[in-house]
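Visitor: Got a file for you: protein03.cif, mmCIF, C-alpha atoms and all ligand atoms.
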data_final
loop_
_atom_site.label_atom_id
_atom_site.label_comp_id
_atom_site.auth_asym_id
_atom_site.auth_seq_id
_atom_site.Cartn_x
_atom_site.Cartn_y
_atom_site.Cartn_z
CA MET R 1388 -11.25 -12.75 -22.52
CA ALA R 1389 -11.52 -11.93 -26.23
CA ALA R 1390 -9.13 -13.80 -28.50
CA SER R 1391 -7.53 -10.52 -29.63
CA GLN R 1392 -6.57 -9.65 -26.05
CA PRO R 1393 -2.76 -9.71 -25.53
CA GLN R 1394 -2.00 -12.68 -23.30
CA PRO R 1395 0.67 -12.25 -20.62
CA PRO R 1396 3.20 -15.04 -20.03
CA ARG R 1397 1.89 -17.85 -17.81
CA GLY R 1398 1.87 -16.98 -14.13
CA SER R 1399 2.11 -13.22 -14.60
CA PRO R 1400 -0.69 -10.93 -13.40
CA PRO R 1401 -3.94 -11.16 -15.39
CA VAL R 1402 -4.71 -8.55 -18.03
CA ILE R 1403 -8.17 -7.04 -17.71
CA ASN R 1404 -10.05 -5.26 -20.45
CA PHE R 1405 -11.19 -2.12 -18.65
CA GLY R 1406 -13.70 -1.25 -21.38
CA ARG R 1407 -15.94 -4.06 -20.11
CA LEU R 1408 -16.69 -2.04 -16.96
CA GLY R 1409 -18.64 0.49 -19.03
CA LYS R 1410 -20.70 -2.10 -20.94
CA ASP R 1411 -24.08 -3.67 -20.14
CA PRO R 1412 -24.66 -4.83 -16.53
CA ALA R 1413 -23.91 -8.50 -17.28
CA THR R 1414 -20.56 -7.70 -18.93
CA ARG R 1415 -19.70 -5.26 -16.17
CA ALA R 1416 -20.52 -7.88 -13.53
CA LEU R 1417 -18.07 -10.30 -15.16
CA ALA R 1418 -15.34 -7.64 -15.27
CA VAL R 1419 -16.00 -6.79 -11.60
CA GLN R 1420 -15.62 -10.49 -10.80
CA ASP R 1421 -12.34 -10.74 -12.72
CA ILE R 1422 -10.98 -7.71 -10.85
CA ALA R 1423 -12.16 -9.08 -7.49
CA ARG R 1424 -10.48 -12.42 -8.17
CA ALA R 1425 -7.22 -10.79 -9.30
CA CYS R 1426 -7.15 -8.57 -6.19
CA ARG R 1427 -7.90 -11.48 -3.88
CA ASP R 1428 -5.67 -14.17 -5.41
CA GLN R 1429 -2.73 -12.10 -6.62
CA GLY R 1430 -3.06 -8.57 -5.29
CA CYS R 1431 -2.52 -7.08 -8.74
CA PHE R 1432 -3.48 -7.07 -12.40
CA GLN R 1433 -2.84 -5.05 -15.54
CA VAL R 1434 -5.50 -3.08 -17.38
CA VAL R 1435 -5.76 -2.37 -21.08
CA ASN R 1436 -8.39 -0.37 -22.95
CA HIS R 1437 -8.53 2.07 -20.02
CA GLY R 1438 -9.05 5.15 -22.18
CA VAL R 1439 -5.82 6.98 -21.28
CA SER R 1440 -4.46 7.97 -24.68
CA LYS R 1441 -1.04 6.91 -25.97
CA ASN R 1442 -0.17 10.59 -26.32
CA VAL R 1443 -0.90 11.35 -22.70
CA MET R 1444 1.15 8.36 -21.51
CA ALA R 1445 4.02 9.23 -23.85
CA GLY R 1446 3.83 12.83 -22.60
CA ALA R 1447 4.20 11.70 -19.01
CA PHE R 1448 7.31 9.68 -19.88
CA GLU R 1449 8.76 12.62 -21.83
CA ALA R 1450 8.16 14.99 -18.93
CA ALA R 1451 9.73 12.54 -16.48
CA SER R 1452 12.75 11.70 -18.60
CA GLU R 1453 13.41 15.35 -19.48
CA PHE R 1454 13.24 16.22 -15.80
CA PHE R 1455 15.75 13.51 -14.88
CA GLN R 1456 18.07 14.71 -17.69
CA LEU R 1457 18.24 18.23 -16.25
CA SER R 1458 21.46 19.41 -14.68
CA PRO R 1459 21.86 18.51 -10.99
CA GLU R 1460 21.29 22.18 -9.98
CA HIS R 1461 17.81 22.15 -11.50
CA LYS R 1462 16.89 18.93 -9.78
CA GLU R 1463 18.50 19.83 -6.48
CA LEU R 1464 16.04 22.73 -6.21
CA PHE R 1465 13.60 20.04 -5.10
CA ALA R 1466 16.04 18.04 -3.01
CA SER R 1467 14.76 17.51 0.47
CA THR R 1468 14.58 14.81 3.06
CA ASP R 1469 11.43 16.35 4.54
CA ILE R 1470 8.73 13.88 3.54
CA ARG R 1471 6.05 16.54 4.00
CA ARG R 1472 7.30 18.73 1.14
CA PRO R 1473 4.77 18.91 -1.72
CA VAL R 1474 7.52 18.13 -4.26
CA ARG R 1475 10.61 16.16 -3.39
CA TYR R 1476 13.62 14.94 -5.34
CA ASP R 1477 16.19 12.55 -3.93
CA THR R 1478 18.94 10.29 -5.15
CA SER R 1479 19.98 8.33 -2.14
CA SER R 1480 18.73 5.56 0.03
CA ARG R 1481 17.65 7.46 3.14
CA ASP R 1482 14.23 5.84 2.95
CA GLY R 1483 15.79 2.43 3.52
CA ILE R 1484 14.29 0.86 0.39
CA SER R 1485 15.81 2.84 -2.48
CA LYS R 1486 18.91 0.99 -3.58
CA ALA R 1487 19.62 2.62 -6.90
CA ARG R 1488 17.08 5.14 -7.99
CA SER R 1489 16.52 8.82 -8.12
CA PHE R 1490 12.97 9.98 -7.77
CA LEU R 1491 10.68 12.94 -7.96
CA LYS R 1492 7.57 12.68 -5.80
CA HIS R 1493 4.68 15.07 -5.64
CA TYR R 1494 0.99 15.36 -4.92
CA ALA R 1495 -1.40 15.71 -7.83
CA ASN R 1496 -5.08 15.73 -6.75
CA PRO R 1497 -6.80 18.14 -6.89
CA LEU R 1498 -4.46 19.34 -9.57
CA GLU R 1499 -5.15 23.05 -9.06
CA ASP R 1500 -3.93 22.80 -5.46
CA TRP R 1501 -0.58 21.26 -6.33
CA VAL R 1502 0.48 22.14 -9.85
CA GLU R 1503 1.98 25.49 -8.80
CA TYR R 1504 4.61 23.62 -6.78
CA TRP R 1505 5.64 21.37 -9.66
CA PRO R 1506 8.86 21.87 -11.66
CA LEU R 1507 8.94 24.67 -14.24
CA HIS R 1508 11.59 22.74 -16.16
CA PRO R 1509 11.21 21.11 -18.55
CA PRO R 1510 8.68 23.76 -19.66
CA SER R 1511 6.10 21.17 -20.70
CA TYR R 1512 6.28 19.34 -17.37
CA ARG R 1513 3.18 20.79 -15.74
CA LYS R 1514 0.97 20.33 -18.78
CA LYS R 1515 2.08 16.81 -19.66
CA MET R 1516 2.22 15.42 -16.13
CA GLY R 1517 -1.00 17.24 -15.25
CA ASP R 1518 -2.87 15.67 -18.18
CA TYR R 1519 -1.59 12.26 -17.12
CA ALA R 1520 -2.46 12.77 -13.45
CA VAL R 1521 -6.05 13.78 -14.22
CA GLU R 1522 -6.58 10.76 -16.46
CA ILE R 1523 -5.10 8.37 -13.93
CA GLN R 1524 -7.24 9.86 -11.15
CA ARG R 1525 -10.27 9.08 -13.33
CA VAL R 1526 -9.09 5.48 -13.86
CA SER R 1527 -8.53 5.13 -10.11
CA MET R 1528 -12.10 6.23 -9.37
CA GLN R 1529 -13.51 3.69 -11.83
CA LEU R 1530 -11.28 0.95 -10.46
CA MET R 1531 -12.21 1.70 -6.86
CA ASP R 1532 -15.87 1.66 -7.83
CA ALA R 1533 -15.42 -1.84 -9.32
CA ILE R 1534 -13.28 -3.11 -6.44
CA LEU R 1535 -15.69 -1.85 -3.77
CA GLN R 1536 -18.58 -3.40 -5.70
CA GLY R 1537 -16.60 -6.67 -5.76
CA LEU R 1538 -16.32 -6.45 -1.97
CA GLY R 1539 -20.09 -6.14 -1.74
CA LEU R 1540 -20.09 -2.51 -0.60
CA ARG R 1541 -22.90 -0.26 -1.71
CA PRO R 1542 -22.61 1.71 -4.99
CA LEU R 1543 -20.74 5.05 -4.66
CA TYR R 1544 -19.29 3.96 -1.31
CA MET R 1545 -16.92 6.74 -0.14
CA GLN R 1546 -17.05 8.33 -3.57
CA GLU R 1547 -16.84 11.91 -2.37
CA LYS R 1548 -13.92 11.16 -0.07
CA LEU R 1549 -12.15 9.36 -2.89
CA GLU R 1550 -12.67 12.28 -5.25
CA LYS R 1551 -11.01 14.59 -2.74
CA GLY R 1552 -8.41 11.98 -1.85
CA VAL R 1553 -4.66 12.07 -2.13
CA GLN R 1554 -3.03 11.23 -5.43
CA PHE R 1555 0.68 10.93 -4.97
CA LEU R 1556 2.94 10.55 -8.00
CA ALA R 1557 6.34 8.89 -7.70
CA LEU R 1558 8.55 9.18 -10.79
CA ASN R 1559 11.33 6.65 -10.50
CA ASN R 1560 14.54 6.75 -12.51
CA TYR R 1561 16.68 3.61 -12.38
CA PRO R 1562 20.14 3.22 -13.91
CA GLN R 1563 20.93 0.34 -16.24
CA PHE R 1564 22.08 -2.76 -14.35
CA SER R 1565 25.84 -2.93 -14.13
CA HIS R 1566 27.09 -6.44 -13.52
CA ARG R 1567 29.15 -5.38 -10.56
CA GLY R 1568 26.28 -3.95 -8.54
CA ASP R 1569 23.08 -4.99 -6.82
CA LYS R 1570 20.28 -5.92 -9.22
CA VAL R 1571 17.61 -4.44 -6.93
CA GLY R 1572 16.76 -0.80 -7.59
CA LEU R 1573 13.94 -0.52 -5.06
CA ALA R 1574 13.66 -3.10 -2.29
CA ALA R 1575 10.55 -5.06 -1.32
CA HIS R 1576 7.73 -2.99 0.13
CA SER R 1577 3.99 -2.39 -0.12
CA ASP R 1578 2.38 0.96 -0.90
CA TYR R 1579 0.29 2.73 1.71
CA GLY R 1580 -2.80 3.84 -0.22
CA PHE R 1581 -5.79 1.95 -1.58
CA LEU R 1582 -4.40 1.47 -5.06
CA THR R 1583 -1.22 2.07 -6.98
CA ILE R 1584 -1.41 2.50 -10.73
CA LEU R 1585 1.98 2.13 -12.39
CA LEU R 1586 3.24 2.87 -15.88
CA GLN R 1587 6.56 1.34 -16.91
CA ASN R 1588 8.31 1.72 -20.25
CA SER R 1589 10.49 -1.35 -19.84
CA PRO R 1590 10.44 -4.38 -17.54
CA GLY R 1591 11.69 -4.14 -13.98
CA LEU R 1592 8.67 -4.35 -11.69
CA GLU R 1593 8.47 -7.62 -9.78
CA VAL R 1594 5.59 -8.70 -7.58
CA MET R 1595 5.04 -11.38 -4.95
CA PRO R 1596 1.51 -12.55 -5.82
CA HIS R 1597 -0.48 -13.94 -2.88
CA ASP R 1598 -1.03 -17.31 -4.53
CA ARG R 1599 2.67 -18.02 -5.14
CA ASP R 1600 5.70 -17.34 -3.06
CA THR R 1601 8.13 -16.22 -5.74
CA TRP R 1602 9.13 -12.95 -7.35
CA THR R 1603 7.21 -12.63 -10.58
CA ALA R 1604 8.09 -10.17 -13.33
CA VAL R 1605 5.34 -7.88 -14.56
CA PRO R 1606 5.70 -7.76 -18.35
CA ALA R 1607 5.84 -4.26 -19.85
CA ILE R 1608 2.83 -4.50 -22.17
CA PRO R 1609 2.78 -1.33 -24.30
CA GLY R 1610 -0.01 0.96 -23.14
CA ALA R 1611 -1.06 -1.24 -20.19
CA LEU R 1612 -1.31 0.06 -16.64
CA HIS R 1613 -0.30 -2.12 -13.73
CA VAL R 1614 -2.57 -1.92 -10.67
CA HIS R 1615 -1.96 -3.25 -7.19
CA VAL R 1616 -3.60 -3.34 -3.78
CA GLY R 1617 -2.17 -1.05 -1.10
CA ASP R 1618 -2.21 -1.21 2.70
CA HIS R 1619 -5.32 0.91 3.17
CA LEU R 1620 -7.38 -1.34 0.88
CA GLU R 1621 -6.33 -4.25 3.08
CA VAL R 1622 -7.65 -2.30 6.08
CA LEU R 1623 -10.86 -1.18 4.37
CA SER R 1624 -11.58 -4.74 3.21
CA ASN R 1625 -10.87 -6.03 6.73
CA GLY R 1626 -8.23 -8.36 5.36
CA ARG R 1627 -10.24 -9.85 2.49
CA LEU R 1628 -7.69 -8.22 0.22
CA LYS R 1629 -4.02 -8.01 1.11
CA SER R 1630 -1.52 -5.38 0.04
CA LEU R 1631 1.01 -6.52 -2.52
CA VAL R 1632 4.72 -6.76 -1.81
CA HIS R 1633 6.68 -5.60 -4.84
CA ARG R 1634 10.12 -4.32 -5.83
CA ALA R 1635 11.96 -2.99 -8.86
CA ILE R 1636 14.99 -4.66 -10.37
CA LEU R 1637 17.43 -2.93 -12.67
CA ASN R 1638 17.06 -3.56 -16.34
CA PRO R 1639 20.21 -5.07 -17.96
CA ASP R 1640 19.55 -3.37 -21.30
CA GLU R 1641 18.69 0.21 -20.45
CA ALA R 1642 17.95 2.81 -17.82
CA ARG R 1643 14.32 2.61 -16.78
CA ILE R 1644 11.60 5.06 -15.77
CA SER R 1645 8.39 4.18 -14.00
CA ILE R 1646 5.56 6.42 -12.87
CA ALA R 1647 3.62 5.22 -9.84
CA SER R 1648 0.37 6.93 -8.85
CA ILE R 1649 -0.80 6.17 -5.33
CA HIS R 1650 -4.43 6.81 -4.42
CA GLY R 1651 -5.87 7.15 -0.95
CA LEU R 1652 -8.08 9.35 1.20
CA SER R 1653 -7.00 12.86 2.11
CA MET R 1654 -4.20 13.51 4.56
CA ASP R 1655 -6.13 13.42 7.85
CA GLU R 1656 -9.01 11.19 6.84
CA LYS R 1657 -8.91 7.95 8.84
CA VAL R 1658 -9.33 4.64 7.04
CA CYS R 1659 -10.93 1.85 9.03
CA CYS R 1660 -12.41 -1.56 8.24
CA ALA R 1661 -15.67 -1.03 6.32
CA GLU R 1662 -18.50 -1.57 8.79
CA GLN R 1663 -20.35 -3.86 6.37
CA LEU R 1664 -17.33 -6.20 6.46
CA VAL R 1665 -17.14 -6.37 10.26
CA ASP R 1666 -19.37 -8.65 12.36
CA GLU R 1667 -19.07 -11.11 15.23
CA VAL R 1668 -17.43 -13.76 13.07
CA ASN R 1669 -15.17 -11.23 11.36
CA PRO R 1670 -14.08 -8.68 13.96
CA ALA R 1671 -12.09 -5.66 12.80
CA MET R 1672 -8.51 -6.80 12.25
CA TYR R 1673 -6.85 -3.39 11.87
CA ARG R 1674 -6.66 -0.11 13.73
CA GLU R 1675 -7.76 2.99 11.84
CA SER R 1676 -5.09 5.26 10.38
CA SER R 1677 -4.61 8.15 7.97
CA PHE R 1678 -1.98 9.09 5.42
CA GLN R 1679 -0.65 11.46 8.05
CA ASP R 1680 -0.19 8.49 10.42
CA PHE R 1681 1.71 6.70 7.68
CA LEU R 1682 4.09 9.65 7.29
CA GLU R 1683 4.68 9.54 11.03
CA PHE R 1684 5.25 5.80 10.91
CA LEU R 1685 7.92 5.95 8.18
CA PRO R 1686 10.90 7.34 10.12
CA SER R 1687 9.98 5.22 13.15
CA ASN R 1688 9.78 1.93 11.28
CA ILE R 1689 12.09 0.32 13.78
CA ASN R 1690 10.63 -3.12 13.18
CA ASN R 1691 11.52 -2.77 9.51
CA TYR R 1692 8.09 -3.81 8.42
CA LYS R 1693 7.85 -4.32 4.67
CA ARG R 1694 4.22 -3.34 5.00
CA PHE R 1695 2.85 -0.40 7.02
CA VAL R 1696 -0.29 -2.47 7.53
CA GLU R 1697 1.60 -4.92 9.78
CA SER R 1698 1.83 -2.13 12.34
CA LEU R 1699 -1.97 -1.70 12.27
CA LYS R 1700 -2.95 -5.28 13.03
CA ILE R 1701 -5.02 -5.74 16.15
CA ASP R 1702 -3.56 -8.52 18.25
CA ARG R 1703 -6.43 -10.86 19.17
CA ALA R 1704 -4.30 -13.60 20.62
C1 LIG R 1801 6.97 2.68 -6.04
C2 LIG R 1801 7.29 1.41 -6.75
C3 LIG R 1801 8.07 0.23 -8.69
C4 LIG R 1801 8.77 0.49 -9.97
O1 LIG R 1801 7.30 3.74 -6.59
O2 LIG R 1801 6.39 2.61 -4.95
O3 LIG R 1801 7.04 0.39 -6.19
O4 LIG R 1801 8.68 -0.36 -10.86
N1 LIG R 1801 7.84 1.44 -7.97
O5 LIG R 1801 9.41 1.52 -10.10
NI NI R 1802 5.73 0.71 -4.49
#
Is it possible to give me this structure as structure tokens?

Guide:
Amino acid sequence: MAASQPQPPRGSPPVINFGRLGKDPATRALAVQDIARACRDQGCFQVVNHGVSKNVMAGAFEAASEFFQLSPEHKELFASTDIRRPVRYDTSSRDGISKARSFLKHYANPLEDWVEYWPLHPPSYRKKMGDYAVEIQRVSMQLMDAILQGLGLRPLYMQEKLEKGVQFLALNNYPQFSHRGDKVGLAAHSDYGFLTILLQNSPGLEVMPHDRDTWTAVPAIPGALHVHVGDHLEVLSNGRLKSLVHRAILNPDEARISIASIHGLSMDEKVCCAEQLVDEVNPAMYRESSFQDFLEFLPSNINNYKRFVESLKIDRA
């Protein structure tokens, strides 16, 4: 890593210079290796130099915070407990993991299919969040390309399906920590897709890296994007990568906003263990499933799995 690279505190997820992916093959190979190691050993990393401009990231935060500042009537227009709605606002803990957050969730890729459902207030919402979504979709494609290469899959593996895949944005709004209440804003869980790319403007995200058994704070490095492995990447990699358990704690100094972008295949497309990663020694460890299956799983999560992927494991005992 170059000396000028900001160094995270010891033990926190590695910071990867994304620009190295676009350099000569030798430099790219090293960056692919760093990403592969971070995914395998920790399940997450941060990226800098990813090409998403400061303006676009600031715009996304403005759009999100202006939305959350709207009067309840404006926000309630999107209130729904129906998890299939294209745009959904909620304030309570019906999902079983939200402790203290309000959120706005909506689909974003392809943008032209979804943007018409997005809020009209604040007036700049569609433009600013749309610009951010498109840029993050691009970053997700480049990251998947590197991660799949790191797994030894052929170049452009699943590229078309990924391009048409789901991008699901979750804008989270957490109150400031009040010393009387619970410090957890969003309880431990993993995300269902291949990758989550998260932008936070102040600290609060905590992860449980695979190589240590303790909650670890993800520092809010200005301009950095946090990336973690989701359940479907665990399936695709046939268990070589594992999805990351994470949570959000309330910030004692201020209210906090985070924007999570979850990337997977399209609604009905099944994800299974990549055939190149399955053989006699390594039989498929997971059943195939789609995003649609995940939506069906959610309300029936009677075992209270932290990770959807637990429900997909094939019992070979
Ligand atoms: C999520 C999530 C963490 C955060 O939206 O799935 O894990 O820091 N958010 O808000
Ligand atoms: Ni999450």

Visitor: Tell me, counting only C-alpha atoms and all ligand atoms, for each residue of chain R within 12 Å of ligand NI 1802 (chain R), which pair of atoms is nearest and how far apart they are in Å to one decimal, in rows ordered by chain and increasing number, as a tab-separated table.

Guide:
residue	atom	partner	partner_atom	distance
R:Ile1484	CA	R:NI1802	NI	9.9
R:Ser1485	CA	R:NI1802	NI	10.5
R:Phe1555	CA	R:NI1802	NI	11.4
R:Leu1556	CA	R:NI1802	NI	10.8
R:Ala1557	CA	R:NI1802	NI	8.8
R:Leu1558	CA	R:NI1802	NI	10.9
R:Asn1559	CA	R:NI1802	NI	10.1
R:Gly1572	CA	R:NI1802	NI	11.6
R:Leu1573	CA	R:NI1802	NI	8.3
R:Ala1574	CA	R:NI1802	NI	9.1
R:Ala1575	CA	R:NI1802	NI	8.2
R:His1576	CA	R:NI1802	NI	6.2
R:Ser1577	CA	R:NI1802	NI	5.6
R:Asp1578	CA	R:NI1802	NI	4.9
R:Tyr1579	CA	R:NI1802	NI	8.5
R:Gly1580	CA	R:NI1802	NI	10.0
R:Phe1581	CA	R:NI1802	NI	11.9
R:Leu1582	CA	R:NI1802	NI	10.2
R:Thr1583	CA	R:NI1802	NI	7.5
R:Ile1584	CA	R:NI1802	NI	9.6
R:Leu1585	CA	R:NI1802	NI	8.9
R:Leu1586	CA	R:NI1802	NI	11.9
R:Leu1592	CA	R:NI1802	NI	9.3
R:Glu1593	CA	R:NI1802	NI	10.2
R:Val1594	CA	R:NI1802	NI	9.9
R:His1613	CA	R:NI1802	NI	11.4
R:Val1614	CA	R:NI1802	NI	10.7
R:His1615	CA	R:NI1802	NI	9.1
R:Val1616	CA	R:NI1802	NI	10.2
R:Gly1617	CA	R:NI1802	NI	8.8
R:Asp1618	CA	R:NI1802	NI	10.9
R:Ser1630	CA	R:NI1802	NI	10.5
R:Leu1631	CA	R:NI1802	NI	8.9
R:Val1632	CA	R:NI1802	NI	8.0
R:His1633	CA	R:NI1802	NI	6.4
R:Arg1634	CA	R:NI1802	NI	6.8
R:Ala1635	CA	R:NI1802	NI	8.5
R:Ser1645	CA	R:NI1802	NI	10.5
R:Ile1646	CA	R:NI1802	NI	10.1
R:Ala1647	CA	R:NI1802	NI	7.3
R:Ser1648	CA	R:NI1802	NI	9.3
R:Ile1649	CA	R:NI1802	NI	8.6
R:His1650	CA	R:NI1802	NI	11.9
R:Lys1693	CA	R:NI1802	NI	10.7
R:Arg1694	CA	R:NI1802	NI	10.4
R:Phe1695	CA	R:NI1802	NI	11.9

Visitor: Can you sort out the box for ligand LIG 1801 (chain R), edges along x, y and z, all listed atoms in, 8 Å on every side, with centre and edge lengths in Å to one decimal, as AutoDock Vina command-line options?

Guide:
--center_x 7.9 --center_y 1.7 --center_z -7.9 --size_x 19.0 --size_y 20.1 --size_z 21.9

Visitor: Can you tell me, as a ChimeraX atom specification, what residues are no more than 9 Å from Ala1487 in chain R when counting only C-alpha atoms, ignoring any on the same chain fewer than 3 positions away?

Guide: /R:1478-1480,1560-1562,1569-1573,1637

Visitor: With C-alpha atoms kept, could you save the residues just selected as a short mmCIF file (atom, residue, chain, number, x, y, z; two decimals), keeping the file's coordinate frame?

Guide:
data_model
loop_
_atom_site.label_atom_id
_atom_site.label_comp_id
_atom_site.auth_asym_id
_atom_site.auth_seq_id
_atom_site.Cartn_x
_atom_site.Cartn_y
_atom_site.Cartn_z
CA THR R 1478 18.94 10.29 -5.15
CA SER R 1479 19.98 8.33 -2.14
CA SER R 1480 18.73 5.56 0.03
CA ASN R 1560 14.54 6.75 -12.51
CA TYR R 1561 16.68 3.61 -12.38
CA PRO R 1562 20.14 3.22 -13.91
CA ASP R 1569 23.08 -4.99 -6.82
CA LYS R 1570 20.28 -5.92 -9.22
CA VAL R 1571 17.61 -4.44 -6.93
CA GLY R 1572 16.76 -0.80 -7.59
CA LEU R 1573 13.94 -0.52 -5.06
CA LEU R 1637 17.43 -2.93 -12.67
#

Visitor: Check the smallest atom-to-atom distance from each of R:Val1419, R:Val1443, R:Val1502, R:Val1434 to Ile1534 in chain R using only C-alpha atoms, then report the winner.

Guide: R:Val1419

Visitor: Taking 6 positions as the minimum chain separation for residues in the same chain, which residues sit within 9 Å of range 1521-1530 of chain R when counting only C-alpha atoms? Answer as a ChimeraX atom specification.

Guide: /R:1405,1408,1422,1437-1440,1443,1495-1498,1546,1549-1550,1554,1582-1584,1648,1650

Visitor: Please compute the CA of Ser1452 in chain R-CA of Tyr1504 in chain R distance, one decimal, in Å.

Guide: 18.7 Å

Visitor: Could you tell me how far CA of Met1672 in chain R sits from CA of Asp1600 in chain R, in Å to one decimal place?

Guide: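 One can read the CA of Asp1600 in chain R to CA of Met1672 in chain R distance as 23.4 Å.
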
Visitor: For range 1651-1657 of chain R, work out the shell of residues within 6 Å, counting all atoms listed in the file and skipping chain neighbours fewer than 3 positions away, then give it as a list of chain:residue names.

Guide: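 With the cut-off at 6 Å, the set is R:Leu1549, R:Gly1552, R:Val1553, R:Gly1580, R:Phe1581, R:Glu1675, R:Ser1676, R:Ser1677, R:Phe1678, R:Gln1679.
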
Visitor: What does the file look like for those residues with C-alpha atoms, as a short mmCIF file (atom, residue, chain, number, x, y, z; two decimals), in the coordinates of the input?

Guide:
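This is the output file part_7.cif:
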data_model
loop_
_atom_site.label_atom_id
_atom_site.label_comp_id
_atom_site.auth_asym_id
_atom_site.auth_seq_id
_atom_site.Cartn_x
_atom_site.Cartn_y
_atom_site.Cartn_z
CA LEU R 1549 -12.15 9.36 -2.89
CA GLY R 1552 -8.41 11.98 -1.85
CA VAL R 1553 -4.66 12.07 -2.13
CA GLY R 1580 -2.80 3.84 -0.22
CA PHE R 1581 -5.79 1.95 -1.58
CA GLU R 1675 -7.76 2.99 11.84
CA SER R 1676 -5.09 5.26 10.38
CA SER R 1677 -4.61 8.15 7.97
CA PHE R 1678 -1.98 9.09 5.42
CA GLN R 1679 -0.65 11.46 8.05
#

Visitor: Report the distance between CA of Trp1505 in chain R and CA of Arg1488 in chain R in Å, rounded to one decimal place.

Guide: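 Separation between CA of Trp1505 in chain R and CA of Arg1488 in chain R: 19.9 Å.
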
Visitor: Go through R:Ala1611, R:Ala1450, R:Val1474, R:Ala1520 and flag the residue nearest Ile1403 in chain R, using all atoms listed in the file for the distances.

Guide: R:Ala1611

Visitor: Using only C-alpha atoms, can you tell me which of R:Gln1663, R:Asn1442, R:Ser1399, R:Asn1638 comes closest to Met1516 in chain R?

Guide: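 Result for the nearest residue to Met1516 in chain R: R:Asn1442.
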
Visitor: Which residue, R:Ser1687, R:Ala1451, R:Lys1486, R:Gln1563, has the smallest gap to His1508 in chain R when you use only C-alpha atoms?

Guide: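 Of the candidates, the smallest distance to His1508 in chain R is held by R:Ala1451.
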
Visitor: Of the candidates R:Asn1588, R:Arg1627, R:Asp1518, R:Val1622, which one gets nearest to Ser1698 in chain R if we count all atoms listed in the file?

Guide: R:Val1622

Visitor: List the neighbours of Asn1669 in chain R out to 10 Å using all atoms listed in the file; skip same-chain residues closer than 3 positions along the sequence, and give me the result as a PyMOL selection string.

Guide: chain R and resi 1625-1626+1664-1666+1672

Visitor: Smallest atom-to-atom distance to ligand LIG 1801 (chain R): which of R:Lys1629, R:Lys1700, R:His1493, R:His1461, using only C-alpha atoms and all ligand atoms?

Guide: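 So, comparing all the options, the nearest one is R:His1493.
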
Visitor: (6.8, 15.3, -20.1) in this file's frame - what residues fall within 7 Å of it? Use all atoms listed in the file and give the answer as a PyMOL selection string.

Guide: chain R and resi 1446-1451+1453+1511-1512+1515-1516

Visitor: If you keep C-alpha atoms, can you produce a file of those selected residues as an mmCIF file, in the coordinates of the input?

Guide:
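result24.cif, freshly written:
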data_model
loop_
_atom_site.group_PDB
_atom_site.id
_atom_site.type_symbol
_atom_site.label_atom_id
_atom_site.label_comp_id
_atom_site.auth_asym_id
_atom_site.auth_seq_id
_atom_site.Cartn_x
_atom_site.Cartn_y
_atom_site.Cartn_z
ATOM 1 C CA GLY R 1446 3.830 12.830 -22.600
ATOM 2 C CA ALA R 1447 4.200 11.700 -19.010
ATOM 3 C CA PHE R 1448 7.310 9.680 -19.880
ATOM 4 C CA GLU R 1449 8.760 12.620 -21.830
ATOM 5 C CA ALA R 1450 8.160 14.990 -18.930
ATOM 6 C CA ALA R 1451 9.730 12.540 -16.480
ATOM 7 C CA GLU R 1453 13.410 15.350 -19.480
ATOM 8 C CA SER R 1511 6.100 21.170 -20.700
ATOM 9 C CA TYR R 1512 6.280 19.340 -17.370
ATOM 10 C CA LYS R 1515 2.080 16.810 -19.660
ATOM 11 C CA MET R 1516 2.220 15.420 -16.130
#
